[in-house]
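A.B. asks: Just one file: target35.cif, with mmCIF, C-alpha atoms.
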data_model
#
loop_
_atom_site.label_atom_id
_atom_site.label_comp_id
_atom_site.auth_asym_id
_atom_site.auth_seq_id
_atom_site.Cartn_x
_atom_site.Cartn_y
_atom_site.Cartn_z
CA MET A 1432 67.41 72.26 92.04
CA ASP A 1433 66.09 71.73 95.56
CA ASP A 1434 62.28 71.63 95.70
CA GLY A 1435 62.14 74.32 98.39
CA VAL A 1436 64.37 76.62 96.33
CA ALA A 1437 62.29 75.99 93.21
CA ALA A 1438 59.10 76.83 95.10
CA MET A 1439 60.63 80.00 96.50
CA LEU A 1440 61.78 81.09 93.04
CA ARG A 1441 58.26 80.57 91.68
CA THR A 1442 56.83 82.66 94.51
CA LEU A 1443 59.37 85.41 94.01
CA GLY A 1444 58.92 85.38 90.26
CA ASP A 1445 55.15 85.76 90.61
CA ALA A 1446 55.35 88.51 93.22
CA PHE A 1447 58.32 90.68 92.29
CA PRO A 1448 57.55 93.54 89.87
CA ALA A 1449 59.25 93.90 86.49
CA VAL A 1450 61.10 97.04 87.59
CA GLU A 1451 62.64 97.55 84.15
CA ARG A 1452 59.18 98.52 82.87
CA MET A 1453 58.53 101.01 85.65
CA SER A 1454 59.60 104.41 86.86
CA ALA A 1455 61.87 104.47 89.91
CA ASP A 1456 59.04 105.79 92.11
CA ALA A 1457 56.62 103.11 90.95
CA ALA A 1458 59.24 100.39 91.44
CA ARG A 1459 59.96 101.62 94.97
CA ALA A 1460 56.27 101.62 95.87
CA ALA A 1461 55.77 98.13 94.45
CA VAL A 1462 58.75 96.72 96.34
CA ALA A 1463 57.81 98.46 99.59
CA ALA A 1464 54.28 97.05 99.36
CA ARG A 1465 55.59 93.48 99.56
CA ARG A 1466 57.92 94.12 102.48
CA GLN A 1467 57.61 91.57 105.27
CA ALA A 1468 57.14 92.60 108.89
CA VAL A 1469 60.21 92.45 111.13
CA THR A 1470 59.84 89.61 113.62
CA ASN A 1471 63.20 89.79 115.39
CA GLY A 1472 63.02 93.25 116.91
CA GLY A 1473 64.38 91.88 120.18
CA ASP A 1474 67.74 91.03 118.62
CA ALA A 1475 69.03 94.58 119.01
CA ASP A 1476 68.10 98.07 120.16
CA ALA A 1477 68.01 100.71 117.42
CA GLU A 1478 68.70 104.43 117.35
CA ASP A 1479 68.12 106.70 114.34
CA ARG A 1480 70.42 109.60 113.61
CA ALA A 1481 71.26 111.93 110.73
CA ILE A 1482 74.95 112.51 110.15
CA ASP A 1483 76.33 115.63 108.51
CA THR A 1484 78.41 115.06 105.36
CA ALA A 1485 79.83 117.28 102.63
CA ALA A 1486 76.81 116.42 100.45
CA GLY A 1487 74.21 116.92 103.19
CA LEU A 1488 72.59 114.75 105.83
CA VAL A 1489 72.76 110.95 105.62
CA ASP A 1490 70.35 108.93 107.73
CA VAL A 1491 71.79 106.07 109.75
CA ARG A 1492 70.32 103.52 112.12
CA ILE A 1493 72.58 102.27 114.89
CA TYR A 1494 71.92 98.75 116.18
CA ARG A 1495 73.29 97.57 119.51
CA PRO A 1496 72.84 93.96 120.59
CA ARG A 1497 71.12 93.45 123.92
CA GLY A 1498 72.88 91.92 126.89
CA PRO A 1499 76.17 92.57 128.64
CA VAL A 1500 78.27 95.23 126.92
CA PRO A 1501 81.91 94.37 126.30
CA ALA A 1502 84.17 97.39 125.95
CA PRO A 1503 84.34 98.03 123.10
CA ARG A 1504 82.49 96.02 120.46
CA PRO A 1505 83.32 95.53 116.77
CA GLY A 1506 81.54 97.88 114.36
CA ILE A 1507 79.95 97.09 111.00
CA VAL A 1508 78.90 99.81 108.57
CA PHE A 1509 76.19 98.25 106.41
CA PHE A 1510 74.95 99.34 102.97
CA HIS A 1511 71.63 97.93 101.80
CA GLY A 1512 70.99 96.43 98.38
CA GLY A 1513 68.35 97.44 95.87
CA GLY A 1514 70.21 98.22 92.68
CA PHE A 1515 71.16 101.73 93.89
CA VAL A 1516 67.48 102.61 93.29
CA LEU A 1517 65.29 100.61 95.68
CA CYS A 1518 65.14 99.71 99.38
CA ASP A 1519 66.34 101.63 102.41
CA ILE A 1520 67.19 101.25 106.07
CA GLU A 1521 63.74 99.81 106.80
CA SER A 1522 63.95 97.09 104.15
CA HIS A 1523 67.04 95.60 105.83
CA ASP A 1524 66.07 96.26 109.43
CA GLY A 1525 65.57 92.62 110.43
CA PHE A 1526 68.79 91.52 108.76
CA CYS A 1527 70.80 94.24 110.52
CA ARG A 1528 69.26 93.37 113.89
CA ALA A 1529 70.27 89.75 113.38
CA MET A 1530 73.76 90.80 112.30
CA ALA A 1531 74.22 92.90 115.44
CA ARG A 1532 73.08 90.07 117.69
CA HIS A 1533 74.97 87.21 116.09
CA THR A 1534 78.26 89.04 115.55
CA ASP A 1535 77.95 90.94 118.88
CA SER A 1536 78.70 94.14 116.94
CA VAL A 1537 77.39 97.67 116.70
CA VAL A 1538 75.87 97.81 113.21
CA VAL A 1539 75.38 101.18 111.53
CA SER A 1540 73.05 100.95 108.53
CA ALA A 1541 73.49 103.88 106.14
CA GLY A 1542 70.64 105.34 104.08
CA TYR A 1543 72.65 106.60 101.13
CA ARG A 1544 71.19 108.71 98.33
CA LEU A 1545 69.37 106.75 95.63
CA ALA A 1546 69.41 106.93 91.84
CA PRO A 1547 68.22 108.21 89.42
CA GLU A 1548 67.69 111.38 91.47
CA HIS A 1549 71.28 111.11 92.66
CA PRO A 1550 73.42 109.40 90.01
CA ALA A 1551 76.84 107.85 90.52
CA PRO A 1552 79.00 108.31 92.45
CA ALA A 1553 76.60 109.84 95.02
CA ALA A 1554 75.91 106.51 96.74
CA ALA A 1555 79.62 105.67 96.96
CA GLU A 1556 80.45 109.08 98.43
CA ASP A 1557 77.68 108.72 101.02
CA ALA A 1558 78.90 105.23 101.90
CA TYR A 1559 82.45 106.54 102.33
CA ALA A 1560 81.20 109.42 104.49
CA ALA A 1561 79.21 107.00 106.67
CA PHE A 1562 82.26 104.81 107.24
CA ALA A 1563 84.42 107.85 108.01
CA TRP A 1564 81.81 109.08 110.51
CA VAL A 1565 81.74 105.75 112.34
CA ALA A 1566 85.53 105.62 112.41
CA SER A 1567 85.76 109.13 113.85
CA HIS A 1568 83.00 108.50 116.42
CA ALA A 1569 84.13 105.03 117.46
CA ALA A 1570 84.52 105.91 121.13
CA ASP A 1571 81.06 107.48 121.35
CA LEU A 1572 79.53 104.44 119.63
CA GLY A 1573 81.30 101.96 121.90
CA VAL A 1574 83.19 100.57 118.91
CA HIS A 1575 86.80 99.37 118.74
CA PRO A 1576 88.48 101.71 116.21
CA ARG A 1577 90.44 98.83 114.63
CA ARG A 1578 87.48 96.49 114.31
CA ILE A 1579 85.18 98.40 111.95
CA ALA A 1580 84.11 96.45 108.87
CA VAL A 1581 82.09 97.51 105.85
CA ALA A 1582 79.38 95.19 104.57
CA GLY A 1583 76.59 95.17 102.03
CA ASP A 1584 74.38 93.00 99.89
CA SER A 1585 74.05 93.35 96.10
CA ALA A 1586 74.45 97.07 95.31
CA GLY A 1587 75.50 97.48 98.93
CA GLY A 1588 78.27 94.97 98.30
CA ASN A 1589 79.43 97.21 95.48
CA LEU A 1590 79.53 100.15 97.89
CA ALA A 1591 81.44 98.19 100.53
CA ALA A 1592 84.02 97.21 97.91
CA ALA A 1593 84.24 100.77 96.60
CA VAL A 1594 84.65 102.25 100.09
CA SER A 1595 87.55 99.88 100.77
CA ILE A 1596 89.34 101.15 97.65
CA MET A 1597 88.44 104.79 98.38
CA CYS A 1598 89.99 104.56 101.83
CA ARG A 1599 93.21 103.18 100.37
CA GLU A 1600 93.38 105.79 97.62
CA ARG A 1601 92.51 108.72 99.90
CA GLY A 1602 94.90 107.66 102.64
CA THR A 1603 92.22 107.44 105.32
CA PRO A 1604 91.74 104.70 107.95
CA MET A 1605 90.88 101.38 106.33
CA PRO A 1606 88.04 99.04 107.25
CA ALA A 1607 89.10 95.98 109.22
CA ALA A 1608 87.24 93.82 106.69
CA GLN A 1609 84.88 93.98 103.73
CA VAL A 1610 81.85 91.70 103.61
CA LEU A 1611 80.45 91.45 100.08
CA LEU A 1612 77.18 89.55 99.76
CA TYR A 1613 76.48 88.61 96.12
CA PRO A 1614 77.95 91.98 95.10
CA VAL A 1615 77.19 93.98 91.99
CA ILE A 1616 80.66 94.58 90.54
CA ASP A 1617 80.49 95.89 86.97
CA PRO A 1618 77.91 97.56 84.67
CA SER A 1619 78.77 95.50 81.58
CA CYS A 1620 76.13 92.82 82.38
CA ASP A 1621 77.92 90.56 79.89
CA THR A 1622 79.20 87.65 81.98
CA ASP A 1623 78.45 83.96 81.54
CA SER A 1624 76.01 83.88 84.46
CA GLN A 1625 74.26 87.06 83.30
CA HIS A 1626 73.39 85.22 80.07
CA ARG A 1627 72.78 81.73 81.52
CA ARG A 1628 70.63 83.03 84.41
CA ALA A 1629 69.05 85.96 82.58
CA THR A 1630 65.50 84.97 83.59
CA GLY A 1631 63.83 82.56 85.94
CA TYR A 1632 66.05 83.13 88.99
CA PHE A 1633 64.32 86.09 90.71
CA THR A 1634 66.77 88.84 89.73
CA THR A 1635 66.86 89.19 85.95
CA ARG A 1636 69.47 90.53 83.56
CA ALA A 1637 66.95 93.09 82.28
CA ALA A 1638 66.43 94.40 85.83
CA LEU A 1639 70.19 94.60 86.41
CA GLN A 1640 70.65 96.57 83.22
CA TRP A 1641 67.85 98.92 84.30
CA TYR A 1642 69.47 99.46 87.73
CA TRP A 1643 72.74 100.40 86.08
CA ARG A 1644 71.02 102.84 83.71
CA GLN A 1645 69.41 104.56 86.68
CA TYR A 1646 72.65 104.73 88.63
CA LEU A 1647 74.97 105.85 85.86
CA GLY A 1648 72.57 108.29 84.21
CA SER A 1649 74.56 107.79 80.99
CA THR A 1650 76.89 105.28 79.43
CA THR A 1651 79.95 107.08 80.79
CA LEU A 1652 81.54 105.88 84.02
CA PRO A 1653 82.68 108.50 86.51
CA GLU A 1654 86.38 108.92 87.10
CA PRO A 1655 87.95 107.03 88.70
CA ALA A 1656 85.97 104.04 87.43
CA TYR A 1657 86.41 102.03 90.64
CA LEU A 1658 83.86 104.33 92.32
CA VAL A 1659 81.18 102.28 90.55
CA ALA A 1660 83.11 99.30 89.15
CA PRO A 1661 85.55 98.08 91.83
CA ALA A 1662 87.22 95.45 89.64
CA ARG A 1663 88.42 98.24 87.33
CA ALA A 1664 90.84 99.51 89.95
CA ASP A 1665 94.42 99.09 88.74
CA SER A 1666 95.13 96.86 91.73
CA LEU A 1667 93.28 95.49 94.74
CA ALA A 1668 96.49 95.04 96.72
CA GLY A 1669 96.46 96.32 100.28
CA LEU A 1670 92.69 96.12 100.68
CA PRO A 1671 91.01 94.71 103.80
CA ALA A 1672 90.39 91.01 104.28
CA ALA A 1673 87.19 89.97 102.51
CA VAL A 1674 84.26 87.67 103.07
CA VAL A 1675 82.56 87.14 99.70
CA VAL A 1676 79.23 85.32 99.32
CA THR A 1677 77.90 84.16 95.96
CA GLY A 1678 75.09 81.87 94.78
CA THR A 1679 75.35 79.64 91.73
CA LEU A 1680 71.83 80.54 90.48
CA ASP A 1681 72.52 84.28 90.60
CA PRO A 1682 73.02 86.27 87.38
CA LEU A 1683 75.76 88.07 89.33
CA HIS A 1684 77.57 84.82 90.16
CA SER A 1685 80.36 85.17 87.59
CA GLU A 1686 81.36 88.69 88.59
CA GLY A 1687 81.29 87.88 92.31
CA VAL A 1688 83.49 84.84 91.79
CA ALA A 1689 85.87 86.82 89.56
CA TYR A 1690 86.16 89.60 92.15
CA ALA A 1691 86.98 87.12 94.92
CA ARG A 1692 89.68 85.63 92.70
CA LYS A 1693 91.09 89.05 91.82
CA LEU A 1694 91.25 90.02 95.49
CA ARG A 1695 93.09 86.80 96.31
CA ALA A 1696 95.44 87.18 93.33
CA ASP A 1697 96.36 90.67 94.57
CA GLY A 1698 97.29 89.33 98.00
CA VAL A 1699 94.07 90.00 99.92
CA SER A 1700 92.88 87.39 102.43
CA VAL A 1701 89.54 86.05 101.16
CA VAL A 1702 86.89 83.72 102.54
CA HIS A 1703 84.63 82.90 99.60
CA ARG A 1704 81.36 81.06 100.26
CA ASP A 1705 79.77 79.91 97.00
CA PHE A 1706 76.28 78.59 97.82
CA ARG A 1707 75.32 75.91 95.38
CA GLY A 1708 71.73 76.05 94.12
CA LEU A 1709 70.91 79.42 95.72
CA PHE A 1710 69.93 82.70 94.15
CA HIS A 1711 70.42 86.43 94.46
CA GLY A 1712 69.16 87.99 97.69
CA PHE A 1713 68.54 84.78 99.61
CA LEU A 1714 70.36 85.77 102.82
CA THR A 1715 67.92 88.56 103.73
CA MET A 1716 64.89 86.26 103.41
CA MET A 1717 64.70 85.75 107.13
CA ALA A 1718 62.42 82.68 107.36
CA PHE A 1719 63.79 80.84 104.31
CA PRO A 1720 65.52 77.70 105.70
CA PRO A 1721 68.61 77.82 103.42
CA ALA A 1722 69.05 81.47 104.40
CA VAL A 1723 68.98 80.59 108.11
CA ALA A 1724 71.83 78.12 107.57
CA GLY A 1725 73.67 80.53 105.30
CA ARG A 1726 73.47 83.35 107.83
CA ASP A 1727 74.82 81.11 110.59
CA LEU A 1728 77.91 80.51 108.47
CA LEU A 1729 78.16 84.19 107.55
CA TRP A 1730 78.01 85.32 111.19
CA SER A 1731 80.77 82.84 112.04
CA ASP A 1732 82.94 84.12 109.17
CA MET A 1733 82.37 87.73 110.22
CA ARG A 1734 83.24 87.05 113.87
CA GLU A 1735 86.39 85.27 112.75
CA VAL A 1736 87.63 87.99 110.39
CA LEU A 1737 86.94 90.78 112.89
CA ASN A 1738 88.67 88.92 115.71
CA THR A 1739 91.64 88.12 113.45
CA ARG A 1740 92.01 91.74 112.37
CA VAL A 1741 92.13 93.10 115.91
CA ALA A 1742 94.57 90.39 117.02
CA GLU A 1743 96.91 91.41 114.20
CA ALA A 1744 96.49 95.10 114.98
CA VAL A 1745 97.57 94.80 118.61
CA ARG A 1746 100.69 92.68 117.99
#
Just dump the structure as structure tokens.

C.D. replies:
Amino acid sequence: MDDGVAAMLRTLGDAFPAVERMSADAARAAVAARRQAVTNGGDADAEDRAIDTAAGLVDVRIYRPRGPVPAPRPGIVFFHGGGFVLCDIESHDGFCRAMARHTDSVVVSAGYRLAPEHPAPAAAEDAYAAFAWVASHAADLGVHPRRIAVAGDSAGGNLAAAVSIMCRERGTPMPAAQVLLYPVIDPSCDTDSQHRRATGYFTTRAALQWYWRQYLGSTTLPEPAYLVAPARADSLAGLPAAVVVTGTLDPLHSEGVAYARKLRADGVSVVHRDFRGLFHGFLTMMAFPPAVAGRDLLWSDMREVLNTRVAEAVR
């Protein structure tokens, strides 16, 4: 293991609370207390709105990169991580500003309802509603209607994957791409990496099991199961092109790799970046040197997939 990575894991291990021993409110407060200040505010301008959905209002923050405005830009609907329980628009503000700047896209970060107060599939339905809102307001947002991707990290990656399937099943406009950053895919928590990386790598298997208990509210999955467990869809055929990021030190590594393979096996175009010697959540650690390099590659992949999708759409 790289010395810098080992040092970062020690720091994270010492600082991050054992959420599985806490209430949701206490865990949220503990995580919010260690939030780092945003230092890249100049990357994008931000506007807060509340959008009306069937389940009530969903907060969104719209990021527009500064500089000359092409007409129109790509759009990215982003869902934050946090195990469906923690984090919010603020926790991923710096990351979304950087995404807007470096992909020259309008990024819409969605503040979906959190568990356990709102169990599954509330988050997935909010994520779907946020994507549908962006798609229907593309002109007002200055977004190309055929260049709207969904993206998310961790639990947000789960939501981006679920929204892609929901659009296909409901016959609504599809995302141009799905960007899944070390996604949470299945509640079983019984993969090889979940056991081999159960402790010592920042995110623990015990924490992941706790997140799933909060989100599901019971041991029964909602129907259809793909609303919370995307790999349980009968088929992934016909879904948008995917960029999948995994890290070999992540307890979620096995399920992320398996989902990328299943997408590819079902005919979906996939760019899979498997970062050797890196751990869950690294990309949103803005000053961490491996994350800086990883984000540069991610932005390039995202620009490529969005440009490819629109080129295909206008043929």

A.B. asks: Evaluate the PyMOL selection byres ((chain A and resi 1589-1598) around 6) on the structure here and hand back the selected residues as a PyMOL selection string.

C.D. replies: chain A and resi 1555+1559+1581-1583+1586-1588+1599-1603+1605+1614-1616+1658+1661

A.B. asks: On this structure, which residues satisfy the PyMOL selection byres ((chain A and resi 1512) around 12), written as a PyMOL selection string?

C.D. replies: chain A and resi 1509-1511+1513-1523+1526+1540-1543+1545+1554+1582-1591+1611-1615+1642+1711-1715

A.B. asks: Go ahead and compute the interatomic distance for atom CA of A:Ala1629 and atom CA of A:Pro1682, in Å to one decimal.

C.D. replies: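 Atom-to-atom, atom CA of A:Ala1629 and atom CA of A:Pro1682 are spaced 6.2 Å apart.
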
A.B. asks: Hey, which of A:His1568, A:His1575, A:His1533, A:Arg1459 ends up closest to A:Pro1503? Count only C-alpha atoms.

C.D. replies: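 Among the listed residues, the smallest separation from A:Pro1503 belongs to A:His1575.
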
A.B. asks: Name the residues in contact with A:Asp1571 at a cut-off of 12 Å, using all atoms listed in the file, excluding same-chain residues fewer than 3 positions from it; report them as a PyMOL selection string.

C.D. replies: chain A and resi 1493+1502-1504+1506+1537+1564-1568+1574-1576

A.B. asks: In Å, with one decimal, what is the gap from atom CA of A:Arg1707 to atom CA of A:Thr1679?

C.D. replies: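 Between these atoms lies a distance of 5.2 Å.
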
A.B. asks: Could you list, as a short mmCIF file (atom, residue, chain, number, x, y, z; two decimals) with C-alpha atoms, in the frame of the given file, every residue matched by the PyMOL selection byres ((chain A and resi 1699-1704) around 12) in this structure?

C.D. replies:
data_model
loop_
_atom_site.label_atom_id
_atom_site.label_comp_id
_atom_site.auth_asym_id
_atom_site.auth_seq_id
_atom_site.Cartn_x
_atom_site.Cartn_y
_atom_site.Cartn_z
CA SER A 1595 87.55 99.88 100.77
CA ALA A 1607 89.10 95.98 109.22
CA ALA A 1608 87.24 93.82 106.69
CA GLN A 1609 84.88 93.98 103.73
CA VAL A 1610 81.85 91.70 103.61
CA LEU A 1611 80.45 91.45 100.08
CA LEU A 1612 77.18 89.55 99.76
CA TYR A 1613 76.48 88.61 96.12
CA SER A 1666 95.13 96.86 91.73
CA LEU A 1667 93.28 95.49 94.74
CA ALA A 1668 96.49 95.04 96.72
CA GLY A 1669 96.46 96.32 100.28
CA LEU A 1670 92.69 96.12 100.68
CA PRO A 1671 91.01 94.71 103.80
CA ALA A 1672 90.39 91.01 104.28
CA ALA A 1673 87.19 89.97 102.51
CA VAL A 1674 84.26 87.67 103.07
CA VAL A 1675 82.56 87.14 99.70
CA VAL A 1676 79.23 85.32 99.32
CA THR A 1677 77.90 84.16 95.96
CA GLY A 1678 75.09 81.87 94.78
CA THR A 1679 75.35 79.64 91.73
CA HIS A 1684 77.57 84.82 90.16
CA GLY A 1687 81.29 87.88 92.31
CA VAL A 1688 83.49 84.84 91.79
CA ALA A 1689 85.87 86.82 89.56
CA TYR A 1690 86.16 89.60 92.15
CA ALA A 1691 86.98 87.12 94.92
CA ARG A 1692 89.68 85.63 92.70
CA LYS A 1693 91.09 89.05 91.82
CA LEU A 1694 91.25 90.02 95.49
CA ARG A 1695 93.09 86.80 96.31
CA ALA A 1696 95.44 87.18 93.33
CA ASP A 1697 96.36 90.67 94.57
CA GLY A 1698 97.29 89.33 98.00
CA ASP A 1705 79.77 79.91 97.00
CA PHE A 1706 76.28 78.59 97.82
CA ARG A 1707 75.32 75.91 95.38
CA LEU A 1709 70.91 79.42 95.72
CA GLY A 1725 73.67 80.53 105.30
CA ARG A 1726 73.47 83.35 107.83
CA LEU A 1728 77.91 80.51 108.47
CA LEU A 1729 78.16 84.19 107.55
CA SER A 1731 80.77 82.84 112.04
CA ASP A 1732 82.94 84.12 109.17
CA MET A 1733 82.37 87.73 110.22
CA GLU A 1735 86.39 85.27 112.75
CA VAL A 1736 87.63 87.99 110.39
CA THR A 1739 91.64 88.12 113.45
CA ARG A 1740 92.01 91.74 112.37
#

A.B. asks: Contacts of stretch 1474-1490 of chain A at 6 Å or less, counting all atoms listed in the file, minus same-chain residues fewer than 2 places along, as number ranges by chain?

C.D. replies: A: 1471-1472, 1492-1497, 1528-1529, 1532, 1542

A.B. asks: Determine, counting only C-alpha atoms, which protein, DNA and RNA residues have an atom within 12 Å of an atom of stretch 1448-1456 of chain A; residues of the same chain fewer than 4 positions away are not included. Present the result as a ChimeraX atom specification.

C.D. replies: /A:1442-1444,1460-1465,1513-1518,1545-1549,1630,1633-1646

A.B. asks: Could you work out how far atom CA of A:Val1491 lies from atom CA of A:Asp1535, giving the answer in Å with one decimal?

C.D. replies: 18.7 Å

A.B. asks: Regenerate stretch 1575-1587 of chain A at the level of N, CA and C atoms and dump it as a short mmCIF file (atom, residue, chain, number, x, y, z; two decimals), keeping the file's coordinate frame.

C.D. replies:
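Result file out.cif:
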data_model
loop_
_atom_site.label_atom_id
_atom_site.label_comp_id
_atom_site.auth_asym_id
_atom_site.auth_seq_id
_atom_site.Cartn_x
_atom_site.Cartn_y
_atom_site.Cartn_z
N HIS A 1575 85.34 99.45 118.80
CA HIS A 1575 86.80 99.37 118.74
C HIS A 1575 87.25 100.00 117.42
N PRO A 1576 88.12 101.00 117.44
CA PRO A 1576 88.48 101.71 116.21
C PRO A 1576 89.19 100.85 115.18
N ARG A 1577 89.76 99.70 115.59
CA ARG A 1577 90.44 98.83 114.63
C ARG A 1577 89.61 97.61 114.25
N ARG A 1578 88.36 97.63 114.63
CA ARG A 1578 87.48 96.49 114.31
C ARG A 1578 86.21 96.97 113.62
N ILE A 1579 86.34 97.87 112.68
CA ILE A 1579 85.18 98.40 111.95
C ILE A 1579 85.20 97.85 110.53
N ALA A 1580 84.23 97.03 110.20
CA ALA A 1580 84.11 96.45 108.87
C ALA A 1580 83.09 97.23 108.05
N VAL A 1581 83.16 97.06 106.74
CA VAL A 1581 82.09 97.51 105.85
C VAL A 1581 81.43 96.26 105.27
N ALA A 1582 80.12 96.35 105.06
CA ALA A 1582 79.38 95.19 104.57
C ALA A 1582 78.20 95.67 103.74
N GLY A 1583 77.76 94.83 102.82
CA GLY A 1583 76.59 95.17 102.03
C GLY A 1583 76.17 94.02 101.17
N ASP A 1584 74.90 94.03 100.79
CA ASP A 1584 74.38 93.00 99.89
C ASP A 1584 74.04 93.63 98.54
N SER A 1585 74.38 92.92 97.46
CA SER A 1585 74.05 93.35 96.10
C SER A 1585 74.68 94.71 95.80
N ALA A 1586 73.87 95.74 95.54
CA ALA A 1586 74.45 97.07 95.31
C ALA A 1586 75.21 97.54 96.54
N GLY A 1587 74.76 97.14 97.72
CA GLY A 1587 75.50 97.48 98.93
C GLY A 1587 76.86 96.81 98.99
#
